[in-house]
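Listing of start-v3.txt; format and content: compact mmCIF, C-alpha atoms.
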```
# COMPACT_ATOMS: atom_id res chain seq x y z
CA MET V 149 151.79 49.77 25.15
CA PRO V 150 154.28 52.39 26.34
CA SER V 151 155.48 51.94 29.90
CA PRO V 152 154.79 54.60 32.57
CA ALA V 153 158.44 55.66 32.31
CA GLU V 154 158.15 56.09 28.54
CA LYS V 155 154.95 58.11 28.89
CA ARG V 156 156.59 60.32 31.50
CA ALA V 157 159.55 60.97 29.23
CA VAL V 158 157.18 61.95 26.41
CA PHE V 159 155.22 64.22 28.72
CA ARG V 160 158.34 65.97 29.95
CA ARG V 161 159.50 66.57 26.38
CA LEU V 162 156.14 68.14 25.53
CA HIS V 163 156.84 70.78 28.19
CA GLU V 164 160.20 71.73 26.74
CA ALA V 165 159.13 73.57 23.57
CA GLY V 166 156.09 74.55 21.55
CA CYS V 167 152.48 74.39 22.70
CA PHE V 168 150.10 71.45 23.08
CA VAL V 169 146.48 70.95 24.09
CA ILE V 170 145.96 68.53 26.93
CA SER V 171 142.33 67.45 26.68
CA ASN V 172 140.30 66.18 29.62
CA PRO V 173 138.34 62.88 29.51
CA TRP V 174 136.14 61.70 32.35
CA ASN V 175 136.00 57.95 31.64
CA ALA V 176 137.72 55.27 29.55
CA GLY V 177 135.56 55.80 26.48
CA SER V 178 136.11 59.55 26.31
CA ALA V 179 139.84 58.99 26.94
CA ARG V 180 140.14 56.57 24.04
CA TYR V 181 138.17 58.85 21.72
CA LEU V 182 140.31 61.88 22.57
CA GLN V 183 143.45 59.82 22.04
CA GLY V 184 142.03 58.73 18.69
CA LEU V 185 141.66 62.37 17.68
CA GLY V 186 145.39 62.79 18.07
CA PHE V 187 145.78 64.63 21.36
CA LYS V 188 149.35 64.09 22.53
CA ALA V 189 148.43 63.98 26.22
CA LEU V 190 145.33 63.83 28.39
CA ALA V 191 144.42 65.04 31.86
CA THR V 192 141.76 63.88 34.25
CA THR V 193 139.07 66.31 35.36
CA SER V 194 137.94 66.16 38.97
CA SER V 195 134.58 67.76 38.18
CA GLY V 196 133.88 65.69 35.07
CA PHE V 197 134.61 62.42 36.84
CA ALA V 198 132.74 63.43 39.99
CA HIS V 199 129.59 64.42 38.11
CA SER V 200 129.67 61.23 36.03
CA MET V 201 129.65 59.25 39.28
CA GLY V 202 126.93 61.32 40.95
CA PHE V 203 129.11 63.46 43.20
CA ALA V 204 129.77 67.18 43.47
CA ASP V 205 133.31 68.16 42.56
CA GLY V 206 135.64 67.55 45.49
CA GLU V 207 133.34 65.16 47.36
CA GLN V 208 134.93 61.86 46.31
CA SER V 209 137.44 59.99 48.42
CA CYS V 210 141.13 59.82 47.67
CA ASP V 211 140.82 56.08 47.04
CA GLU V 212 138.07 56.59 44.46
CA VAL V 213 140.06 59.22 42.63
CA LEU V 214 143.25 57.15 42.63
CA ALA V 215 141.35 54.20 41.14
CA HIS V 216 140.11 56.52 38.38
CA PHE V 217 143.67 57.69 37.65
CA ARG V 218 144.81 54.09 37.42
CA GLU V 219 142.02 53.23 34.98
CA ILE V 220 142.68 56.17 32.66
CA ALA V 221 146.46 55.68 32.73
CA ALA V 222 146.09 51.96 31.98
CA VAL V 223 143.68 52.36 29.07
CA THR V 224 145.64 55.04 27.17
CA ASP V 225 148.86 55.06 25.22
CA VAL V 226 149.51 58.76 25.73
CA PRO V 227 150.65 60.51 28.93
CA VAL V 228 147.98 61.32 31.50
CA ASN V 229 148.14 64.17 34.00
CA ALA V 230 146.25 63.65 37.27
CA ASP V 231 144.03 66.44 38.60
CA PHE V 232 144.87 65.62 42.21
CA GLU V 233 143.13 68.67 43.68
CA ASN V 234 144.77 69.52 47.04
CA GLY V 235 146.25 66.06 47.38
CA TYR V 236 143.43 65.08 49.75
CA ALA V 237 145.45 66.32 52.69
CA ASP V 238 146.16 69.56 54.53
CA ASP V 239 149.42 68.70 56.27
CA THR V 240 152.62 68.12 54.33
CA GLY V 241 153.22 64.59 55.61
CA ARG V 242 149.91 63.18 54.44
CA LEU V 243 150.19 65.17 51.23
CA ALA V 244 153.56 63.58 50.44
CA ALA V 245 152.19 60.11 51.17
CA ASN V 246 149.23 60.69 48.86
CA VAL V 247 151.46 62.04 46.09
CA THR V 248 153.46 58.82 46.33
CA ARG V 249 150.23 56.84 45.97
CA CYS V 250 149.24 58.96 42.98
CA ILE V 251 152.54 58.29 41.22
CA ALA V 252 151.97 54.55 41.69
CA THR V 253 148.83 54.72 39.50
CA GLY V 254 151.03 55.18 36.42
CA VAL V 255 150.22 58.81 35.63
CA ALA V 256 152.80 60.92 33.82
CA GLY V 257 152.09 64.10 35.74
CA LEU V 258 150.06 65.46 38.61
CA SER V 259 148.84 68.81 39.84
CA ILE V 260 148.48 70.05 43.41
CA GLU V 261 146.43 73.15 44.24
CA ASP V 262 146.48 75.60 47.12
CA ALA V 263 142.70 75.47 47.75
CA THR V 264 141.61 74.29 51.19
CA GLY V 265 138.03 73.30 50.43
CA ASP V 266 136.92 75.69 53.21
CA PRO V 267 134.85 78.61 51.86
CA GLY V 268 135.79 80.66 54.93
CA GLN V 269 139.50 80.32 54.12
CA PRO V 270 139.62 79.22 50.48
CA LEU V 271 143.42 79.24 50.10
CA TYR V 272 146.14 77.85 52.32
CA ASP V 273 148.28 80.51 53.96
CA PHE V 274 151.19 81.48 51.76
CA ASP V 275 153.89 79.75 53.81
CA LEU V 276 151.91 76.51 54.10
CA ALA V 277 151.07 76.60 50.39
CA VAL V 278 154.78 76.81 49.56
CA ALA V 279 155.64 74.08 52.08
CA ARG V 280 153.06 71.83 50.44
CA VAL V 281 154.69 72.35 47.03
CA LYS V 282 158.06 71.47 48.53
CA ALA V 283 156.60 68.32 50.12
CA ALA V 284 155.08 67.21 46.83
CA ARG V 285 158.36 67.91 45.04
CA ALA V 286 160.28 65.83 47.58
CA ALA V 287 157.86 62.92 47.21
CA ILE V 288 158.20 62.99 43.42
CA ASP V 289 161.99 63.13 43.67
CA LYS V 290 162.02 60.21 46.08
CA ALA V 291 159.94 58.20 43.61
CA GLY V 292 162.33 58.93 40.77
CA GLY V 293 161.55 62.49 39.78
CA ASP V 294 160.25 61.80 36.30
CA VAL V 295 156.59 62.72 36.95
CA VAL V 296 155.85 66.27 35.77
CA PHE V 297 154.69 68.34 38.74
CA THR V 298 152.22 71.19 38.19
CA ALA V 299 151.52 73.62 41.04
CA ARG V 300 148.23 75.52 40.94
CA THR V 301 147.00 78.63 42.72
CA GLU V 302 143.24 78.82 42.82
CA GLY V 303 142.47 82.41 43.77
CA PHE V 304 140.63 83.31 40.58
CA ILE V 305 138.17 80.43 40.94
CA ARG V 306 137.86 80.57 44.74
CA GLY V 307 136.71 84.16 45.18
CA ARG V 308 140.21 85.66 45.55
CA PRO V 309 140.94 87.13 42.08
CA ASP V 310 144.09 89.02 43.04
CA MET V 311 146.64 89.05 40.20
CA GLY V 312 149.45 90.26 42.44
CA GLU V 313 148.94 87.46 44.95
CA THR V 314 148.50 84.93 42.14
CA ILE V 315 151.86 85.86 40.64
CA ARG V 316 153.49 85.92 44.08
CA ARG V 317 152.36 82.37 44.68
CA LEU V 318 153.27 81.09 41.21
CA LYS V 319 156.80 82.50 41.52
CA ALA V 320 157.21 80.91 44.95
CA PHE V 321 155.88 77.59 43.66
CA ALA V 322 158.35 77.72 40.78
CA ASP V 323 161.19 78.36 43.21
CA ALA V 324 159.94 75.49 45.40
CA GLY V 325 160.35 73.01 42.56
CA ALA V 326 157.20 72.95 40.43
CA ASP V 327 157.85 71.95 36.82
CA CYS V 328 154.77 73.73 35.45
CA LEU V 329 152.64 76.59 36.80
CA TYR V 330 148.88 76.98 36.59
CA SER V 331 146.37 79.61 37.72
CA PRO V 332 142.89 78.51 36.59
CA GLY V 333 140.46 81.35 36.10
CA ILE V 334 142.66 83.93 34.41
CA LYS V 335 141.10 84.86 31.08
CA THR V 336 142.62 87.95 29.51
CA ARG V 337 145.68 88.39 27.35
CA GLU V 338 147.14 90.74 29.95
CA GLN V 339 146.74 88.17 32.73
CA ILE V 340 148.22 85.39 30.63
CA GLU V 341 151.21 87.44 29.51
CA ALA V 342 151.87 88.67 33.05
CA THR V 343 151.89 85.07 34.26
CA MET V 344 154.25 84.00 31.50
CA LYS V 345 156.67 86.81 32.31
CA ALA V 346 156.57 86.12 36.04
CA VAL V 347 157.55 82.44 35.92
CA ALA V 348 159.67 82.28 32.76
CA PRO V 349 161.34 80.10 31.63
CA LYS V 350 159.13 77.51 33.33
CA PRO V 351 156.10 76.33 31.32
CA VAL V 352 152.58 77.53 32.05
CA ASN V 353 149.27 75.69 31.74
CA PHE V 354 146.36 77.88 30.64
CA LEU V 355 142.80 76.72 31.32
CA ASN V 356 140.60 77.57 28.34
CA SER V 357 137.29 76.53 29.87
CA GLY V 358 135.04 78.96 28.02
CA ALA V 359 134.59 80.88 24.79
CA PHE V 360 137.25 83.46 25.62
CA GLY V 361 137.87 84.40 21.99
CA PHE V 362 141.28 82.72 21.68
CA THR V 363 142.41 80.06 19.23
CA VAL V 364 145.12 77.55 20.02
CA LYS V 365 147.45 79.63 17.86
CA ASP V 366 146.58 82.81 19.78
CA ILE V 367 147.44 81.15 23.08
CA ALA V 368 150.59 79.57 21.68
CA ASP V 369 151.72 82.96 20.39
CA MET V 370 151.53 84.29 23.96
CA GLY V 371 154.09 81.66 24.94
CA VAL V 372 151.79 79.24 26.76
CA ARG V 373 153.18 75.72 26.70
CA ARG V 374 150.10 73.71 27.70
CA ILE V 375 146.39 74.37 27.17
CA SER V 376 143.81 72.40 29.13
CA VAL V 377 140.02 72.52 29.03
CA GLY V 378 139.30 71.17 32.52
CA GLY V 379 135.75 69.93 32.95
CA ALA V 380 134.43 71.86 29.93
CA LEU V 381 134.15 68.87 27.58
CA ALA V 382 132.38 66.87 30.28
CA ARG V 383 130.00 69.79 30.82
CA VAL V 384 129.36 69.98 27.06
CA ALA V 385 128.26 66.34 27.20
CA MET V 386 126.19 66.85 30.35
CA ASP V 387 124.66 70.04 28.95
CA ALA V 388 123.44 68.22 25.83
CA PHE V 389 122.11 65.36 27.95
CA VAL V 390 120.25 67.65 30.36
CA LYS V 391 118.70 69.80 27.62
CA SER V 392 117.57 66.74 25.66
CA ALA V 393 116.14 64.98 28.71
CA ARG V 394 114.33 68.13 29.83
CA GLN V 395 112.76 68.52 26.40
CA ILE V 396 111.40 64.98 26.58
CA ALA V 397 110.22 65.39 30.18
CA THR V 398 108.59 68.81 29.80
CA ASP V 399 107.57 69.07 26.13
CA GLY V 400 107.23 65.44 25.11
CA LYS V 401 109.46 66.09 22.11
CA PHE V 402 112.52 64.35 20.72
CA ASP V 403 113.80 67.14 18.46
CA SER V 404 117.17 67.16 20.20
CA PHE V 405 117.96 63.76 18.70
CA ALA V 406 118.27 65.29 15.22
CA GLY V 407 121.77 65.20 13.76
CA ILE V 408 123.48 63.43 16.66
CA ILE V 409 126.35 61.02 16.14
CA SER V 410 125.06 57.61 15.13
CA ASN V 411 125.36 54.37 17.06
CA ALA V 412 127.03 52.87 13.99
CA GLU V 413 129.72 55.54 13.94
CA LEU V 414 130.51 55.09 17.61
CA ASN V 415 130.48 51.31 17.24
CA ALA V 416 132.89 51.53 14.31
CA PHE V 417 135.31 53.72 16.24
CA PHE V 418 135.30 51.63 19.42
CA HIS V 419 135.41 48.33 17.51
CA ASP V 420 138.53 49.40 15.62
CA ASP V 421 140.01 51.12 18.66
CA PHE V 422 139.55 48.05 20.87
CA ALA V 423 141.96 46.10 18.69
CA LYS V 424 144.63 48.67 19.49
CA ARG V 425 144.00 48.78 23.22
CA PRO V 426 146.38 47.21 25.72
CA LYS V 427 145.02 43.95 27.07
CA PRO V 428 145.29 42.90 30.73
```
For this file, produce the structure as structure tokens.
Amino acid sequence: MPSPAEKRAVFRRLHEAGCFVISNPWNAGSARYLQGLGFKALATTSSGFAHSMGFADGEQSCDEVLAHFREIAAVTDVPVNADFENGYADDTGRLAANVTRCIATGVAGLSIEDATGDPGQPLYDFDLAVARVKAARAAIDKAGGDVVFTARTEGFIRGRPDMGETIRRLKAFADAGADCLYSPGIKTREQIEATMKAVAPKPVNFLNSGAFGFTVKDIADMGVRRISVGGALARVAMDAFVKSARQIATDGKFDSFAGIISNAELNAFFHDDFAKRPKP
């Protein structure tokens, strides 16, 4: 079982050249299966985990989320990035303390966003958003500095789709010490390429959460270093579950069970995989 330090070193190297897909599990089983498919790194999904536990995205406590990070980091051999939302704090002092707690879970990277959780003021003011990035950077440096720090600006998914302001914030976050930059919600080639140009040479994470018409190669050719899918895989699973359950409840039919993965196939994977898993 690689140590947290070894996973962090691997994760940092992945951000230095090329392009990789960082897939998003929502529990231990999905994490192990994604690792088994050969993904080089994984990332938690706040929405996927929240929905699996019966919460809306953003409504879980910091303690619950940190326990989830610890579980996923402990059960996997590959680096895990923590979707730490806004760090569960508004002020920089509490944010730094929570980042320190996040690092202690064994994750290889973490992201902090500039969303407030307040629909009336969805983004932190520019100066506070930058100060929060600096506080997170300082906390990571104090802990050893090897955790990869991703700074996110959320305008495009929080009702503020302003490309100029998005780039302004990403550039400031890069200058404030972020290792990787991320603006979920951008979708077009023009938006992606503008982001790449603005923060170069720092790596960019692109969220491919829908059928945008791109392949991994297309995105890599634009210069993106890291591709994530966010909660999309978890929603694929929930979508299939909801449609199947509704068919049974409303039509009394079981047609949706046709062609699904067999219990034997899943048993075979998890039986073989369990032998490879780290033991307490």
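When all atoms listed in the file are used to compute distances to V:Asp275, the closest of the residues V:Phe360, V:Tyr330, V:Phe321, V:Phe405 turns out to be V:Phe321.
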> Distance atom CA of V:Ala245-atom CA of V:Ala179, one decimal place?
Replying inline: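 Separation between atom CA of V:Ala245 and atom CA of V:Ala179: 27.2 Å.
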>> I need every residue sitting at most 10 Å from the point (155.7, 82.1, 45.6) (coordinates as in the file, only C-alpha atoms considered), written as a ChimeraX atom specification.
In response: /V:274-275,277-278,281,301,313-324,347
> Quick one: residues within 8 Å of stretch 256-271 of chain V, only C-alpha atoms counted, chain neighbours fewer than 6 positions away excluded, as a PyMOL selection string?
Replying inline: chain V and resi 152-153+155-156+159+206+227-235+238+250+277+281+284+294-303+306-307
Writing out the chosen residues with C-alpha atoms as a PDB file, keeping the file's coordinate frame:
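Produced file selection_17.pdb, reproduced below:
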```pdb
ATOM      1  CA  PRO V 152     154.790  54.600  32.570  1.00  0.00           C
ATOM      2  CA  ALA V 153     158.440  55.660  32.310  1.00  0.00           C
ATOM      3  CA  LYS V 155     154.950  58.110  28.890  1.00  0.00           C
ATOM      4  CA  ARG V 156     156.590  60.320  31.500  1.00  0.00           C
ATOM      5  CA  PHE V 159     155.220  64.220  28.720  1.00  0.00           C
ATOM      6  CA  GLY V 206     135.640  67.550  45.490  1.00  0.00           C
ATOM      7  CA  PRO V 227     150.650  60.510  28.930  1.00  0.00           C
ATOM      8  CA  VAL V 228     147.980  61.320  31.500  1.00  0.00           C
ATOM      9  CA  ASN V 229     148.140  64.170  34.000  1.00  0.00           C
ATOM     10  CA  ALA V 230     146.250  63.650  37.270  1.00  0.00           C
ATOM     11  CA  ASP V 231     144.030  66.440  38.600  1.00  0.00           C
ATOM     12  CA  PHE V 232     144.870  65.620  42.210  1.00  0.00           C
ATOM     13  CA  GLU V 233     143.130  68.670  43.680  1.00  0.00           C
ATOM     14  CA  ASN V 234     144.770  69.520  47.040  1.00  0.00           C
ATOM     15  CA  GLY V 235     146.250  66.060  47.380  1.00  0.00           C
ATOM     16  CA  ASP V 238     146.160  69.560  54.530  1.00  0.00           C
ATOM     17  CA  CYS V 250     149.240  58.960  42.980  1.00  0.00           C
ATOM     18  CA  ALA V 277     151.070  76.600  50.390  1.00  0.00           C
ATOM     19  CA  VAL V 281     154.690  72.350  47.030  1.00  0.00           C
ATOM     20  CA  ALA V 284     155.080  67.210  46.830  1.00  0.00           C
ATOM     21  CA  ASP V 294     160.250  61.800  36.300  1.00  0.00           C
ATOM     22  CA  VAL V 295     156.590  62.720  36.950  1.00  0.00           C
ATOM     23  CA  VAL V 296     155.850  66.270  35.770  1.00  0.00           C
ATOM     24  CA  PHE V 297     154.690  68.340  38.740  1.00  0.00           C
ATOM     25  CA  THR V 298     152.220  71.190  38.190  1.00  0.00           C
ATOM     26  CA  ALA V 299     151.520  73.620  41.040  1.00  0.00           C
ATOM     27  CA  ARG V 300     148.230  75.520  40.940  1.00  0.00           C
ATOM     28  CA  THR V 301     147.000  78.630  42.720  1.00  0.00           C
ATOM     29  CA  GLU V 302     143.240  78.820  42.820  1.00  0.00           C
ATOM     30  CA  GLY V 303     142.470  82.410  43.770  1.00  0.00           C
ATOM     31  CA  ARG V 306     137.860  80.570  44.740  1.00  0.00           C
ATOM     32  CA  GLY V 307     136.710  84.160  45.180  1.00  0.00           C
TER      33      GLY V 307
END
```
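You will find atom CA of V:Ala222 at 20.0 Å from atom CA of V:Ile288.
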> For the point (146.4, 65.1, 22.7) in file coordinates, what residues are within 12 Å, counting only C-alpha atoms? Give the answer as JSON, numbers by chain?
Replying inline: {"V": [158, 159, 162, 167, 168, 169, 170, 171, 172, 173, 179, 180, 181, 182, 183, 184, 185, 186, 187, 188, 189, 190, 191, 224, 225, 226, 227, 228, 229, 374, 375, 376, 377]}
>> If we count only C-alpha atoms and set the cut-off at 9 Å, which residues sit around V:Val223, ignoring sequence neighbours fewer than 4 positions away in its own chain? Please answer as a count of residues only.
In response: 8
>> Residues within 10 Å of V:Asn356, please, as an MDAnalysis selection string. Count all atoms listed in the file; anything in the same chain fewer than 3 positions from it doesn't count.
In response: chainID V and resid 169 332:335 353 359:364 367 375:378 380
Could you take the residues named above and write them with C-alpha atoms, as a PDB file, keeping the file's coordinate frame?
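Output saved as again.pdb:
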```
ATOM      1  CA  VAL V 169     146.480  70.950  24.090  1.00  0.00           C
ATOM      2  CA  PRO V 332     142.890  78.510  36.590  1.00  0.00           C
ATOM      3  CA  GLY V 333     140.460  81.350  36.100  1.00  0.00           C
ATOM      4  CA  ILE V 334     142.660  83.930  34.410  1.00  0.00           C
ATOM      5  CA  LYS V 335     141.100  84.860  31.080  1.00  0.00           C
ATOM      6  CA  ASN V 353     149.270  75.690  31.740  1.00  0.00           C
ATOM      7  CA  ALA V 359     134.590  80.880  24.790  1.00  0.00           C
ATOM      8  CA  PHE V 360     137.250  83.460  25.620  1.00  0.00           C
ATOM      9  CA  GLY V 361     137.870  84.400  21.990  1.00  0.00           C
ATOM     10  CA  PHE V 362     141.280  82.720  21.680  1.00  0.00           C
ATOM     11  CA  THR V 363     142.410  80.060  19.230  1.00  0.00           C
ATOM     12  CA  VAL V 364     145.120  77.550  20.020  1.00  0.00           C
ATOM     13  CA  ILE V 367     147.440  81.150  23.080  1.00  0.00           C
ATOM     14  CA  ILE V 375     146.390  74.370  27.170  1.00  0.00           C
ATOM     15  CA  SER V 376     143.810  72.400  29.130  1.00  0.00           C
ATOM     16  CA  VAL V 377     140.020  72.520  29.030  1.00  0.00           C
ATOM     17  CA  GLY V 378     139.300  71.170  32.520  1.00  0.00           C
ATOM     18  CA  ALA V 380     134.430  71.860  29.930  1.00  0.00           C
TER      19      ALA V 380
END
```
>> One number please: atom CA of V:Ser209 to atom CA of V:Thr253, in Å, one decimal.
In response: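 Computing it gives 15.4 Å between the two atoms.
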> Which of these, V:Gly325, V:Gly241, V:Gly312, V:Gly293, has the shortest distance to V:Ala157 once you count all atoms listed in the file?
Replying inline: V:Gly293
>> Which residue is closest to V:Asp366? Choose from V:Cys328, V:Ile340, V:Ala348, V:Ala385 and count all atoms listed in the file.
In response: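 When distances to V:Asp366 are compared using all atoms listed in the file, the smallest one comes from V:Ile340.
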> Nearest to V:Asp327 among V:Ile305, V:Val352, V:Ile396, V:Ile408, with distances taken over all atoms listed in the file: which residue is it?
Replying inline: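 Selected residue with least distance to V:Asp327: V:Val352.
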Could the centre and edge lengths of an axis-aligned box, enclosing all atoms of stretch 386-392 of chain V in the file with 3 Å extra on each side, be given in Å to one decimal as JSON?
```
{"center_x": 121.9, "center_y": 67.7, "center_z": 28.0, "size_x": 14.6, "size_y": 10.7, "size_z": 10.7}
```
>> With distances taken over only C-alpha atoms, which residue among V:Met344, V:Leu381, V:Ala286, V:Ala326 lies nearest V:Asp369?
In response: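 Among the listed residues, the smallest separation from V:Asp369 belongs to V:Met344.
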> Near V:Ala283, within 8 Å and counting only C-alpha atoms, which residues show up once chain neighbours fewer than 5 positions away are dropped, as a ChimeraX atom specification?
Replying inline: /V:240-241,243-244
Once you have the residues from the selection above, write them out as a PDB file, in the coordinates of the input, restricted to C-alpha atoms.
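Result file follows (result39.pdb):
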```pdb
ATOM      1  CA  THR V 240     152.620  68.120  54.330  1.00  0.00           C
ATOM      2  CA  GLY V 241     153.220  64.590  55.610  1.00  0.00           C
ATOM      3  CA  LEU V 243     150.190  65.170  51.230  1.00  0.00           C
ATOM      4  CA  ALA V 244     153.560  63.580  50.440  1.00  0.00           C
TER       5      ALA V 244
END
```
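Of the listed residues V:Val255, V:Tyr272, V:His163, V:Asp399, the one whose atoms come nearest to V:Ala237 is V:Tyr272, with distances taken using all atoms listed in the file.
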Supply stretch 363-377 of chain V as a JSON list (two decimals), keeping the file's coordinate frame, with N, CA, C and O atoms built in where the input has gaps.
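Printed below is out39.json as written:
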```json
[["chain", "number", "residue", "atom", "x", "y", "z"],
["V", 363, "THR", "N", 142.14, 81.33, 19.89],
["V", 363, "THR", "CA", 142.41, 80.06, 19.23],
["V", 363, "THR", "C", 143.64, 79.43, 19.88],
["V", 363, "THR", "O", 144.34, 80.08, 20.66],
["V", 364, "VAL", "N", 143.90, 78.19, 19.53],
["V", 364, "VAL", "CA", 145.12, 77.55, 20.02],
["V", 364, "VAL", "C", 146.33, 78.36, 19.59],
["V", 364, "VAL", "O", 147.26, 78.58, 20.37],
["V", 365, "LYS", "N", 146.32, 78.84, 18.36],
["V", 365, "LYS", "CA", 147.45, 79.63, 17.86],
["V", 365, "LYS", "C", 147.61, 80.92, 18.66],
["V", 365, "LYS", "O", 148.74, 81.33, 18.99],
["V", 366, "ASP", "N", 146.50, 81.58, 18.98],
["V", 366, "ASP", "CA", 146.58, 82.81, 19.78],
["V", 366, "ASP", "C", 147.28, 82.54, 21.10],
["V", 366, "ASP", "O", 148.16, 83.32, 21.53],
["V", 367, "ILE", "N", 146.88, 81.47, 21.77],
["V", 367, "ILE", "CA", 147.44, 81.15, 23.08],
["V", 367, "ILE", "C", 148.91, 80.74, 22.95],
["V", 367, "ILE", "O", 149.75, 81.13, 23.76],
["V", 368, "ALA", "N", 149.21, 79.97, 21.91],
["V", 368, "ALA", "CA", 150.59, 79.57, 21.68],
["V", 368, "ALA", "C", 151.47, 80.79, 21.43],
["V", 368, "ALA", "O", 152.61, 80.86, 21.91],
["V", 369, "ASP", "N", 150.95, 81.76, 20.69],
["V", 369, "ASP", "CA", 151.72, 82.96, 20.39],
["V", 369, "ASP", "C", 152.01, 83.79, 21.63],
["V", 369, "ASP", "O", 152.95, 84.60, 21.64],
["V", 370, "MET", "N", 151.23, 83.61, 22.69],
["V", 370, "MET", "CA", 151.53, 84.29, 23.96],
["V", 370, "MET", "C", 152.63, 83.58, 24.74],
["V", 370, "MET", "O", 153.08, 84.08, 25.77],
["V", 371, "GLY", "N", 153.02, 82.40, 24.28],
["V", 371, "GLY", "CA", 154.09, 81.66, 24.94],
["V", 371, "GLY", "C", 153.62, 80.56, 25.86],
["V", 371, "GLY", "O", 154.44, 79.92, 26.53],
["V", 372, "VAL", "N", 152.31, 80.31, 25.91],
["V", 372, "VAL", "CA", 151.79, 79.24, 26.76],
["V", 372, "VAL", "C", 152.26, 77.89, 26.22],
["V", 372, "VAL", "O", 152.21, 77.64, 25.02],
["V", 373, "ARG", "N", 152.69, 77.03, 27.11],
["V", 373, "ARG", "CA", 153.18, 75.72, 26.70],
["V", 373, "ARG", "C", 152.07, 74.68, 26.64],
["V", 373, "ARG", "O", 152.06, 73.83, 25.76],
["V", 374, "ARG", "N", 151.12, 74.76, 27.58],
["V", 374, "ARG", "CA", 150.10, 73.71, 27.70],
["V", 374, "ARG", "C", 148.73, 74.35, 27.88],
["V", 374, "ARG", "O", 148.55, 75.25, 28.70],
["V", 375, "ILE", "N", 147.77, 73.88, 27.09],
["V", 375, "ILE", "CA", 146.39, 74.37, 27.17],
["V", 375, "ILE", "C", 145.50, 73.21, 27.61],
["V", 375, "ILE", "O", 145.50, 72.16, 26.98],
["V", 376, "SER", "N", 144.77, 73.41, 28.69],
["V", 376, "SER", "CA", 143.81, 72.40, 29.13],
["V", 376, "SER", "C", 142.40, 72.97, 29.04],
["V", 376, "SER", "O", 142.21, 74.18, 28.95],
["V", 377, "VAL", "N", 141.42, 72.07, 29.08],
["V", 377, "VAL", "CA", 140.02, 72.52, 29.03],
["V", 377, "VAL", "C", 139.27, 72.15, 30.31],
["V", 377, "VAL", "O", 138.09, 72.46, 30.44]]
```
